[in-house]
>>> print(open('work19.txt').read())   # compact mmCIF, C-alpha atoms
# COMPACT_ATOMS: atom_id res chain seq x y z
CA MET A 1 13.38 12.22 27.20
CA LYS A 2 12.19 15.57 25.85
CA LYS A 3 11.36 16.61 22.32
CA HIS A 4 12.50 20.18 22.90
CA ASP A 5 14.87 21.78 25.40
CA LYS A 6 12.08 23.98 26.75
CA ASP A 7 9.65 21.11 26.98
CA THR A 8 8.74 20.34 30.57
CA MET A 9 7.09 17.00 29.83
CA ASN A 10 9.03 13.73 29.64
CA TYR A 11 8.76 11.36 26.68
CA ASP A 12 9.55 7.69 26.44
CA GLU A 13 12.12 6.13 24.11
CA ASN A 14 9.60 6.17 21.25
CA GLY A 15 9.11 9.91 21.46
CA TYR A 16 5.70 9.85 23.13
CA TYR A 17 4.45 11.50 26.29
CA SER A 18 3.85 9.07 29.08
CA GLY A 19 0.73 7.20 27.96
CA GLU A 20 0.54 9.09 24.67
CA SER A 21 1.20 6.02 22.52
CA ASP A 22 -1.84 4.33 24.02
CA ASN A 23 -3.98 7.40 23.37
CA SER A 24 -2.73 7.52 19.79
CA ALA A 25 -3.91 3.93 19.36
CA GLU A 26 -7.29 4.85 20.84
CA ASN A 27 -7.56 7.89 18.54
CA GLY A 28 -6.70 5.70 15.56
CA LEU A 29 -9.38 3.20 16.53
CA ALA A 30 -11.90 6.03 17.03
CA GLU A 31 -11.04 7.43 13.60
CA THR A 32 -11.54 3.99 12.04
CA PHE A 33 -14.96 3.62 13.68
CA ASN A 34 -15.93 7.10 12.52
CA LYS A 35 -15.01 6.23 8.93
CA ILE A 36 -17.10 3.06 9.18
CA ILE A 37 -20.04 5.09 10.52
CA GLY A 38 -19.62 7.60 7.68
CA ILE A 39 -19.67 4.83 5.06
CA MET A 40 -22.73 3.23 6.67
CA LEU A 41 -24.57 6.56 6.65
CA LEU A 42 -23.77 7.09 2.97
CA ILE A 43 -25.07 3.60 2.13
CA TRP A 44 -28.18 4.21 4.25
CA PHE A 45 -28.81 7.50 2.45
CA ALA A 46 -28.38 5.90 -1.00
CA VAL A 47 -30.73 3.00 -0.16
CA THR A 48 -33.32 5.43 1.26
CA VAL A 49 -33.26 7.57 -1.90
CA ILE A 50 -33.66 4.48 -4.09
CA LEU A 51 -36.64 3.29 -2.02
CA MET A 52 -38.23 6.74 -2.21
CA LEU A 53 -37.86 6.73 -6.01
CA ILE A 54 -39.37 3.23 -6.26
CA LEU A 55 -42.34 4.18 -4.05
CA SER A 56 -42.93 7.39 -6.05
CA LYS A 57 -43.35 5.27 -9.20
CA THR A 58 -45.83 2.81 -7.70
CA SER A 59 -48.86 4.58 -6.27
CA ASN A 60 -49.92 7.85 -4.69
CA SER A 61 -51.17 5.85 -1.71
CA LYS A 62 -47.53 5.29 -0.75
CA SER A 63 -46.78 8.99 -0.31
CA TRP A 64 -46.91 8.64 3.47
CA LEU A 65 -44.16 6.01 3.33
CA ILE A 66 -42.02 8.41 1.30
CA LEU A 67 -42.44 10.98 4.04
CA ILE A 68 -41.51 8.40 6.69
CA LEU A 69 -38.35 7.53 4.75
CA PHE A 70 -37.52 11.23 4.43
CA PHE A 71 -37.92 12.03 8.13
CA GLN A 72 -36.10 8.90 9.32
CA LEU A 73 -32.97 10.26 7.61
CA PHE A 74 -32.92 13.10 10.16
CA VAL A 75 -33.06 10.56 13.00
CA VAL A 76 -30.37 8.30 11.52
CA PHE A 77 -27.92 11.12 10.77
CA GLY A 78 -28.55 12.72 14.16
CA VAL A 79 -27.91 9.46 15.98
CA GLY A 80 -24.85 8.86 13.80
CA GLY A 81 -23.47 12.25 14.81
CA ILE A 82 -24.10 11.53 18.49
CA VAL A 83 -22.35 8.15 18.26
CA SER A 84 -19.41 9.79 16.49
CA GLU A 85 -19.10 12.38 19.27
CA LEU A 86 -19.21 9.67 21.94
CA ILE A 87 -16.55 7.61 20.16
CA LYS A 88 -14.21 10.62 20.03
CA ASN A 89 -15.01 11.49 23.67
CA GLN A 90 -15.77 15.06 22.65
CA ARG A 91 -18.00 17.51 24.47
CA PHE A 92 -21.57 16.46 23.69
CA GLN A 93 -23.15 18.73 21.11
CA ARG A 94 -26.79 19.26 22.09
CA ALA A 95 -27.48 20.58 18.58
CA LEU A 96 -27.32 16.97 17.37
CA LEU A 97 -30.57 16.28 19.22
CA LEU A 98 -32.41 18.72 16.94
CA PRO A 99 -32.38 16.56 13.77
CA VAL A 100 -33.40 13.56 15.89
CA ALA A 101 -36.36 15.52 17.29
CA ILE A 102 -37.34 16.82 13.83
CA GLY A 103 -37.16 13.36 12.31
CA ALA A 104 -39.07 11.65 15.11
CA GLY A 105 -41.70 14.39 15.13
CA GLY A 106 -42.10 14.21 11.36
CA CYS A 107 -42.59 10.44 11.46
CA ILE A 108 -45.17 10.70 14.25
CA VAL A 109 -47.14 13.46 12.52
CA THR A 110 -47.06 11.56 9.21
CA LEU A 111 -48.46 8.44 10.86
CA LEU A 112 -51.16 10.46 12.66
CA ILE A 113 -52.25 12.07 9.39
CA HIS A 114 -52.21 8.74 7.53
CA TYR A 115 -54.33 6.92 10.08
CA SER A 116 -56.77 9.80 10.59
CA GLU A 117 -59.82 10.75 8.56
CA GLY A 118 -62.26 13.62 8.13
CA GLU A 119 -62.22 16.37 10.74
CA ARG A 120 -59.46 14.72 12.75
CA ARG A 121 -57.09 14.77 9.77
CA GLU A 122 -58.02 18.36 9.00
CA PHE A 123 -57.30 19.36 12.61
CA ILE A 124 -53.89 17.65 12.55
CA LEU A 125 -52.96 19.48 9.34
CA LYS A 126 -53.97 22.80 10.89
CA LEU A 127 -52.03 21.97 14.04
CA LEU A 128 -48.99 21.14 11.92
CA ALA A 129 -49.20 24.57 10.25
CA VAL A 130 -49.18 26.12 13.72
CA LEU A 131 -46.31 24.04 15.08
CA PHE A 132 -44.00 24.11 12.03
CA PRO A 133 -42.74 27.71 12.57
CA LEU A 134 -41.90 26.74 16.15
CA ILE A 135 -39.09 24.54 14.81
CA PHE A 136 -37.31 27.66 13.58
CA ALA A 137 -38.06 29.41 16.85
CA ALA A 138 -36.43 26.51 18.73
CA ILE A 139 -33.36 26.76 16.50
CA GLY A 140 -33.22 30.49 17.20
CA VAL A 141 -33.49 29.98 20.96
CA PHE A 142 -30.68 27.41 20.91
CA SER A 143 -28.49 29.67 18.75
CA LEU A 144 -29.09 32.66 21.02
CA TYR A 145 -28.43 30.55 24.12
CA SER A 146 -25.14 29.30 22.67
CA SER A 147 -24.06 32.84 21.78
CA LEU A 148 -24.88 34.17 25.24
CA LYS A 149 -23.15 31.23 26.91
CA ALA A 150 -19.98 31.79 24.89
CA ARG A 151 -20.08 35.53 25.55
CA LEU A 152 -21.09 35.62 29.22
CA HIS A 153 -20.24 32.26 30.77
CA THR A 154 -17.52 30.22 29.07
CA LYS A 155 -15.21 33.16 28.49
CA LYS A 156 -15.58 34.17 32.14
CA VAL A 157 -15.00 30.80 33.83
CA CYS A 158 -12.17 29.57 31.59
CA THR A 159 -9.17 31.25 33.20
CA GLU A 160 -6.34 28.69 33.18
CA LEU A 161 -4.01 29.04 30.17
CA ILE A 162 -2.70 25.71 28.83
CA THR A 163 -1.22 24.27 25.65
CA ALA A 164 -3.41 21.85 23.69
CA LYS A 165 -3.08 19.89 20.47
CA CYS A 166 -5.64 20.31 17.69
CA VAL A 167 -6.84 16.82 16.74
CA ASP A 168 -9.84 17.68 14.57
CA LYS A 169 -11.80 20.65 13.24
CA ALA A 170 -15.14 21.46 11.62
CA VAL A 171 -15.24 24.10 8.88
CA PHE A 172 -18.18 26.49 8.39
CA SER A 173 -18.49 28.83 5.41
CA THR A 174 -20.75 31.83 4.83
CA THR A 175 -21.11 33.61 1.48
CA ILE A 176 -22.45 37.18 1.38
CA ASN A 177 -22.37 39.27 -1.82
CA GLY A 178 -19.98 36.83 -3.44
CA ARG A 179 -17.52 36.94 -0.54
CA THR A 180 -16.98 33.73 1.41
CA THR A 181 -15.76 33.74 5.00
CA TYR A 182 -14.74 30.71 7.00
CA LYS A 183 -14.90 29.79 10.65
CA PHE A 184 -13.46 26.77 12.38
CA ALA A 185 -14.59 24.74 15.38
CA PRO A 186 -11.39 23.00 16.55
CA THR A 187 -11.27 19.95 18.76
CA TYR A 188 -8.39 19.97 21.22
CA GLU A 189 -6.64 17.24 23.14
CA TYR A 190 -4.95 18.39 26.33
CA GLU A 191 -3.76 17.37 29.78
CA TYR A 192 -4.94 19.05 32.96
CA GLY A 193 -4.62 17.85 36.54
CA ASP A 194 -2.85 14.62 35.47
CA LYS A 195 -5.83 13.70 33.29
CA GLU A 196 -6.27 13.89 29.54
CA TYR A 197 -9.29 15.53 27.93
CA THR A 198 -10.71 16.05 24.46
CA SER A 199 -13.12 18.92 23.89
CA THR A 200 -14.41 21.13 21.09
CA ALA A 201 -14.11 24.90 21.29
CA PHE A 202 -16.43 27.56 19.92
CA LYS A 203 -15.93 28.83 16.38
CA THR A 204 -12.85 30.88 15.53
CA PRO A 205 -11.96 32.76 12.31
CA GLU A 206 -8.37 31.53 12.57
CA ASP A 207 -7.59 28.24 10.87
CA ARG A 208 -6.31 25.46 13.06
CA ILE A 209 -3.79 22.92 11.77
CA ILE A 210 -4.47 19.39 12.94
CA GLY A 211 -1.47 18.17 14.90
CA ASP A 212 -0.24 21.64 15.93
CA ASP A 213 -0.25 23.01 19.48
CA TYR A 214 -2.23 26.10 20.53
CA GLU A 215 -2.83 28.03 23.72
CA ILE A 216 -6.36 27.75 25.06
CA LEU A 217 -8.15 28.54 28.31
CA VAL A 218 -9.68 25.84 30.51
CA ASN A 219 -12.20 25.99 33.34
CA PRO A 220 -10.26 24.82 36.46
CA ASP A 221 -13.47 23.50 38.02
CA LYS A 222 -14.70 21.73 34.87
CA PRO A 223 -11.67 20.90 32.69
CA LYS A 224 -13.88 19.65 29.83
CA GLU A 225 -15.03 23.25 29.37
CA ILE A 226 -12.58 25.25 27.24
CA TYR A 227 -12.36 28.58 25.47
CA ASP A 228 -10.20 29.46 22.48
CA PRO A 229 -8.88 33.04 22.94
CA THR A 230 -9.39 33.66 19.21
CA SER A 231 -13.06 32.66 19.30
CA VAL A 232 -15.40 35.34 18.04
CA ASP A 233 -17.98 36.55 20.52
CA ALA A 234 -21.40 36.95 19.01
CA GLY A 235 -22.01 40.62 18.41
CA VAL A 236 -25.06 42.40 19.79
CA GLY A 237 -26.30 43.01 16.25
CA GLY A 238 -26.12 39.31 15.41
CA MET A 239 -27.98 38.32 18.56
CA VAL A 240 -30.68 40.93 17.88
CA ALA A 241 -31.07 39.63 14.31
CA THR A 242 -31.36 36.08 15.63
CA ALA A 243 -33.98 37.15 18.16
CA ILE A 244 -36.03 38.92 15.47
CA PHE A 245 -35.81 36.59 12.47
CA LEU A 246 -35.40 33.19 14.14
CA ILE A 247 -37.50 33.68 17.27
CA ALA A 248 -39.94 36.60 17.09
CA LEU A 249 -40.96 36.14 13.44
CA PRO A 250 -41.63 32.38 13.64
CA LEU A 251 -43.56 32.90 16.89
CA ALA A 252 -45.66 35.58 15.20
CA LEU A 253 -46.38 33.30 12.23
CA SER A 254 -47.31 30.47 14.58
CA GLY A 255 -49.61 32.79 16.52
CA LEU A 256 -51.33 34.01 13.33
CA ALA A 257 -51.78 30.44 12.11
CA ALA A 258 -53.26 29.43 15.45
CA TYR A 259 -55.70 32.35 15.39
CA PHE A 260 -56.95 31.92 11.80
CA LEU A 261 -56.92 28.13 11.67
CA LEU A 262 -57.87 27.03 15.19
CA ILE A 263 -59.30 29.88 17.24
CA ASN A 264 -61.23 31.85 14.61
CA PRO A 265 -61.37 29.64 11.47
>>> encode(input="work19.txt", output="structure tokens")
Amino acid sequence: MKKHDKDTMNYDENGYYSGESDNSAENGLAETFNKIIGIMLLIWFAVTVILMLILSKTSNSKSWLILILFFQLFVVFGVGGIVSELIKNQRFQRALLLPVAIGAGGCIVTLLIHYSEGERREFILKLLAVLFPLIFAAIGVFSLYSSLKARLHTKKVCTELITAKCVDKAVFSTTINGRTTYKFAPTYEYEYGDKEYTSTAFKTPEDRIIGDDYEILVNPDKPKEIYDPTSVDAGVGGMVATAIFLIALPLALSGLAAYFLLINP
């Protein structure tokens, strides 16, 4: 059975591709789990805020616990995002490790400061001032790496044109001088080499309708790697700005802090 005359794939009597009904059930179960995770994260956030408010009313000596509660939110939401990606069998987003690292690092530093005294505490505070700008530098390096990968690698190796179904999308908005522009990171479900895959493409300025089919490019050697032909390559100007403001500037601030606080106080 075929849904369209030009369709080359056979469907069963229920109107599904071979094995599609099972995948639909799996997708429905994954969506249910993701909703449960979302609700749990909202409850966790609400309880954390309430505890932070209660501790702020008790005593100043509890300020370190407030910081612990604050940083653990990064870890919890980062882990929640990773679990969500694994449930949906999407391409693993390494960016989700960043909030986990920030949260874990914040908790560790807070505990070190709390259980330290005198010169040791002062040194940790100075070291924190040196290391804090490096967080932004790390974000800049990751952003620049992703841009270069999309521009120089993924676009080059993804050469096989296929038709894929959009099953999800993330929406990103940027407002400059009162004008808001949107970009979309669609997640596609597709079949290649008698196997089914689900993967997320790089951002595109063209909206993607969930449930509709689109032409994308896939890497024949690594079918999980895809490229949307409408994806916007990062311009040279954008990469230079990232290198200056998110890498060079934070590194300079970290270097100055290290010189004036640690080397030549």
>>> residues_around(input="work19.txt", residues="Lys165 (chain A)", least_positions_apart="5", cutoff="9 Å", atoms="only C-alpha atoms", output="PDB file with C-alpha atoms, keeping the file's coordinate frame")
ATOM      1  CA  THR A 187     -11.270  19.950  18.760  1.00  0.00           C
ATOM      2  CA  TYR A 188      -8.390  19.970  21.220  1.00  0.00           C
ATOM      3  CA  GLU A 189      -6.640  17.240  23.140  1.00  0.00           C
ATOM      4  CA  TYR A 190      -4.950  18.390  26.330  1.00  0.00           C
ATOM      5  CA  ILE A 210      -4.470  19.390  12.940  1.00  0.00           C
ATOM      6  CA  GLY A 211      -1.470  18.170  14.900  1.00  0.00           C
ATOM      7  CA  ASP A 212      -0.240  21.640  15.930  1.00  0.00           C
ATOM      8  CA  ASP A 213      -0.250  23.010  19.480  1.00  0.00           C
ATOM      9  CA  TYR A 214      -2.230  26.100  20.530  1.00  0.00           C
ATOM     10  CA  GLU A 215      -2.830  28.030  23.720  1.00  0.00           C
TER      11      GLU A 215
END
>>> closest_residue(input="work19.txt", among="A:Pro205, A:Gly105, A:Pro229, A:Pro265", to="Ala170 (chain A)", atoms="all atoms listed in the file")
A:Pro205
>>> atom_distance(input="work19.txt", atom1="CA of Pro99 (chain A)", atom2="CA of Gly38 (chain A)")
16.7 Å
>>> axis_aligned_box(input="work19.txt", around="region 51-66 of chain A", padding_each_side="4 Å", output="JSON")
{"center_x": -43.9, "center_y": 5.9, "center_z": -2.9, "size_x": 22.5, "size_y": 14.2, "size_z": 20.7}
>>> closest_residue(input="work19.txt", among="A:Phe71, A:Phe77, A:Tyr227, A:Tyr145", to="Val109 (chain A)", atoms="only C-alpha atoms")
A:Phe71
>>> closest_residue(input="work19.txt", among="A:Cys158, A:Ile216, A:Ile43, A:Leu96", to="Pro186 (chain A)", atoms="all atoms listed in the file")
A:Ile216
>>> closest_residue(input="work19.txt", among="A:Cys107, A:Leu217, A:Ala46, A:Leu249", to="Thr230 (chain A)", atoms="all atoms listed in the file")
A:Leu217
>>> build_atoms(input="work19.txt", residues="region 202-224 of chain A", atoms="N, CA, C and O atoms", output="PDB file, in the frame of the given file")
ATOM      1  N   PHE A 202     -15.516  26.795  20.755  1.00  0.00           N
ATOM      2  CA  PHE A 202     -16.430  27.560  19.920  1.00  0.00           C
ATOM      3  C   PHE A 202     -15.720  27.998  18.647  1.00  0.00           C
ATOM      4  O   PHE A 202     -14.489  27.918  18.534  1.00  0.00           O
ATOM      5  N   LYS A 203     -16.471  28.471  17.682  1.00  0.00           N
ATOM      6  CA  LYS A 203     -15.930  28.830  16.380  1.00  0.00           C
ATOM      7  C   LYS A 203     -14.894  29.953  16.472  1.00  0.00           C
ATOM      8  O   LYS A 203     -15.027  30.860  17.287  1.00  0.00           O
ATOM      9  N   THR A 204     -13.881  29.853  15.618  1.00  0.00           N
ATOM     10  CA  THR A 204     -12.850  30.880  15.530  1.00  0.00           C
ATOM     11  C   THR A 204     -12.578  31.184  14.057  1.00  0.00           C
ATOM     12  O   THR A 204     -12.669  30.278  13.212  1.00  0.00           O
ATOM     13  N   PRO A 205     -12.268  32.434  13.704  1.00  0.00           N
ATOM     14  CA  PRO A 205     -11.960  32.760  12.310  1.00  0.00           C
ATOM     15  C   PRO A 205     -10.560  32.329  11.901  1.00  0.00           C
ATOM     16  O   PRO A 205     -10.227  32.354  10.717  1.00  0.00           O
ATOM     17  N   GLU A 206      -9.744  31.932  12.864  1.00  0.00           N
ATOM     18  CA  GLU A 206      -8.370  31.530  12.570  1.00  0.00           C
ATOM     19  C   GLU A 206      -8.307  30.018  12.332  1.00  0.00           C
ATOM     20  O   GLU A 206      -8.803  29.244  13.145  1.00  0.00           O
ATOM     21  N   ASP A 207      -7.692  29.659  11.201  1.00  0.00           N
ATOM     22  CA  ASP A 207      -7.590  28.240  10.870  1.00  0.00           C
ATOM     23  C   ASP A 207      -6.727  27.517  11.903  1.00  0.00           C
ATOM     24  O   ASP A 207      -5.796  28.084  12.468  1.00  0.00           O
ATOM     25  N   ARG A 208      -7.059  26.285  12.137  1.00  0.00           N
ATOM     26  CA  ARG A 208      -6.310  25.460  13.060  1.00  0.00           C
ATOM     27  C   ARG A 208      -5.744  24.261  12.304  1.00  0.00           C
ATOM     28  O   ARG A 208      -6.488  23.578  11.584  1.00  0.00           O
ATOM     29  N   ILE A 209      -4.458  24.029  12.451  1.00  0.00           N
ATOM     30  CA  ILE A 209      -3.790  22.920  11.770  1.00  0.00           C
ATOM     31  C   ILE A 209      -3.817  21.697  12.667  1.00  0.00           C
ATOM     32  O   ILE A 209      -3.344  21.747  13.817  1.00  0.00           O
ATOM     33  N   ILE A 210      -4.395  20.617  12.161  1.00  0.00           N
ATOM     34  CA  ILE A 210      -4.470  19.390  12.940  1.00  0.00           C
ATOM     35  C   ILE A 210      -3.060  18.877  13.215  1.00  0.00           C
ATOM     36  O   ILE A 210      -2.242  18.729  12.304  1.00  0.00           O
ATOM     37  N   GLY A 211      -2.790  18.631  14.485  1.00  0.00           N
ATOM     38  CA  GLY A 211      -1.470  18.170  14.900  1.00  0.00           C
ATOM     39  C   GLY A 211      -0.624  19.249  15.534  1.00  0.00           C
ATOM     40  O   GLY A 211       0.365  18.943  16.216  1.00  0.00           O
ATOM     41  N   ASP A 212      -0.993  20.534  15.335  1.00  0.00           N
ATOM     42  CA  ASP A 212      -0.240  21.640  15.930  1.00  0.00           C
ATOM     43  C   ASP A 212      -0.755  21.966  17.321  1.00  0.00           C
ATOM     44  O   ASP A 212      -1.894  21.651  17.676  1.00  0.00           O
ATOM     45  N   ASP A 213       0.096  22.616  18.116  1.00  0.00           N
ATOM     46  CA  ASP A 213      -0.250  23.010  19.480  1.00  0.00           C
ATOM     47  C   ASP A 213      -0.702  24.465  19.523  1.00  0.00           C
ATOM     48  O   ASP A 213      -0.155  25.315  18.807  1.00  0.00           O
ATOM     49  N   TYR A 214      -1.701  24.747  20.391  1.00  0.00           N
ATOM     50  CA  TYR A 214      -2.230  26.100  20.530  1.00  0.00           C
ATOM     51  C   TYR A 214      -2.517  26.366  22.007  1.00  0.00           C
ATOM     52  O   TYR A 214      -2.750  25.439  22.786  1.00  0.00           O
ATOM     53  N   GLU A 215      -2.499  27.633  22.358  1.00  0.00           N
ATOM     54  CA  GLU A 215      -2.830  28.030  23.720  1.00  0.00           C
ATOM     55  C   GLU A 215      -4.335  28.249  23.841  1.00  0.00           C
ATOM     56  O   GLU A 215      -4.929  28.986  23.046  1.00  0.00           O
ATOM     57  N   ILE A 216      -4.937  27.595  24.814  1.00  0.00           N
ATOM     58  CA  ILE A 216      -6.360  27.750  25.060  1.00  0.00           C
ATOM     59  C   ILE A 216      -6.568  27.978  26.556  1.00  0.00           C
ATOM     60  O   ILE A 216      -5.643  27.829  27.355  1.00  0.00           O
ATOM     61  N   LEU A 217      -7.790  28.325  26.912  1.00  0.00           N
ATOM     62  CA  LEU A 217      -8.150  28.540  28.310  1.00  0.00           C
ATOM     63  C   LEU A 217      -9.084  27.423  28.764  1.00  0.00           C
ATOM     64  O   LEU A 217      -9.982  27.019  28.027  1.00  0.00           O
ATOM     65  N   VAL A 218      -8.875  26.939  29.983  1.00  0.00           N
ATOM     66  CA  VAL A 218      -9.680  25.840  30.510  1.00  0.00           C
ATOM     67  C   VAL A 218     -10.324  26.276  31.818  1.00  0.00           C
ATOM     68  O   VAL A 218      -9.768  27.089  32.567  1.00  0.00           O
ATOM     69  N   ASN A 219     -11.498  25.730  32.087  1.00  0.00           N
ATOM     70  CA  ASN A 219     -12.200  25.990  33.340  1.00  0.00           C
ATOM     71  C   ASN A 219     -11.578  25.088  34.421  1.00  0.00           C
ATOM     72  O   ASN A 219     -11.681  23.860  34.332  1.00  0.00           O
ATOM     73  N   PRO A 220     -10.917  25.657  35.436  1.00  0.00           N
ATOM     74  CA  PRO A 220     -10.260  24.820  36.460  1.00  0.00           C
ATOM     75  C   PRO A 220     -11.228  23.900  37.181  1.00  0.00           C
ATOM     76  O   PRO A 220     -10.840  22.816  37.625  1.00  0.00           O
ATOM     77  N   ASP A 221     -12.486  24.311  37.310  1.00  0.00           N
ATOM     78  CA  ASP A 221     -13.470  23.500  38.020  1.00  0.00           C
ATOM     79  C   ASP A 221     -14.077  22.416  37.135  1.00  0.00           C
ATOM     80  O   ASP A 221     -14.478  21.356  37.620  1.00  0.00           O
ATOM     81  N   LYS A 222     -14.162  22.688  35.821  1.00  0.00           N
ATOM     82  CA  LYS A 222     -14.700  21.730  34.870  1.00  0.00           C
ATOM     83  C   LYS A 222     -13.757  21.687  33.664  1.00  0.00           C
ATOM     84  O   LYS A 222     -13.987  22.385  32.671  1.00  0.00           O
ATOM     85  N   PRO A 223     -12.701  20.886  33.732  1.00  0.00           N
ATOM     86  CA  PRO A 223     -11.670  20.900  32.690  1.00  0.00           C
ATOM     87  C   PRO A 223     -12.165  20.552  31.291  1.00  0.00           C
ATOM     88  O   PRO A 223     -11.483  20.858  30.313  1.00  0.00           O
ATOM     89  N   LYS A 224     -13.338  19.936  31.174  1.00  0.00           N
ATOM     90  CA  LYS A 224     -13.880  19.650  29.830  1.00  0.00           C
ATOM     91  C   LYS A 224     -14.370  20.915  29.140  1.00  0.00           C
ATOM     92  O   LYS A 224     -14.583  20.933  27.932  1.00  0.00           O
TER      93      LYS A 224
END
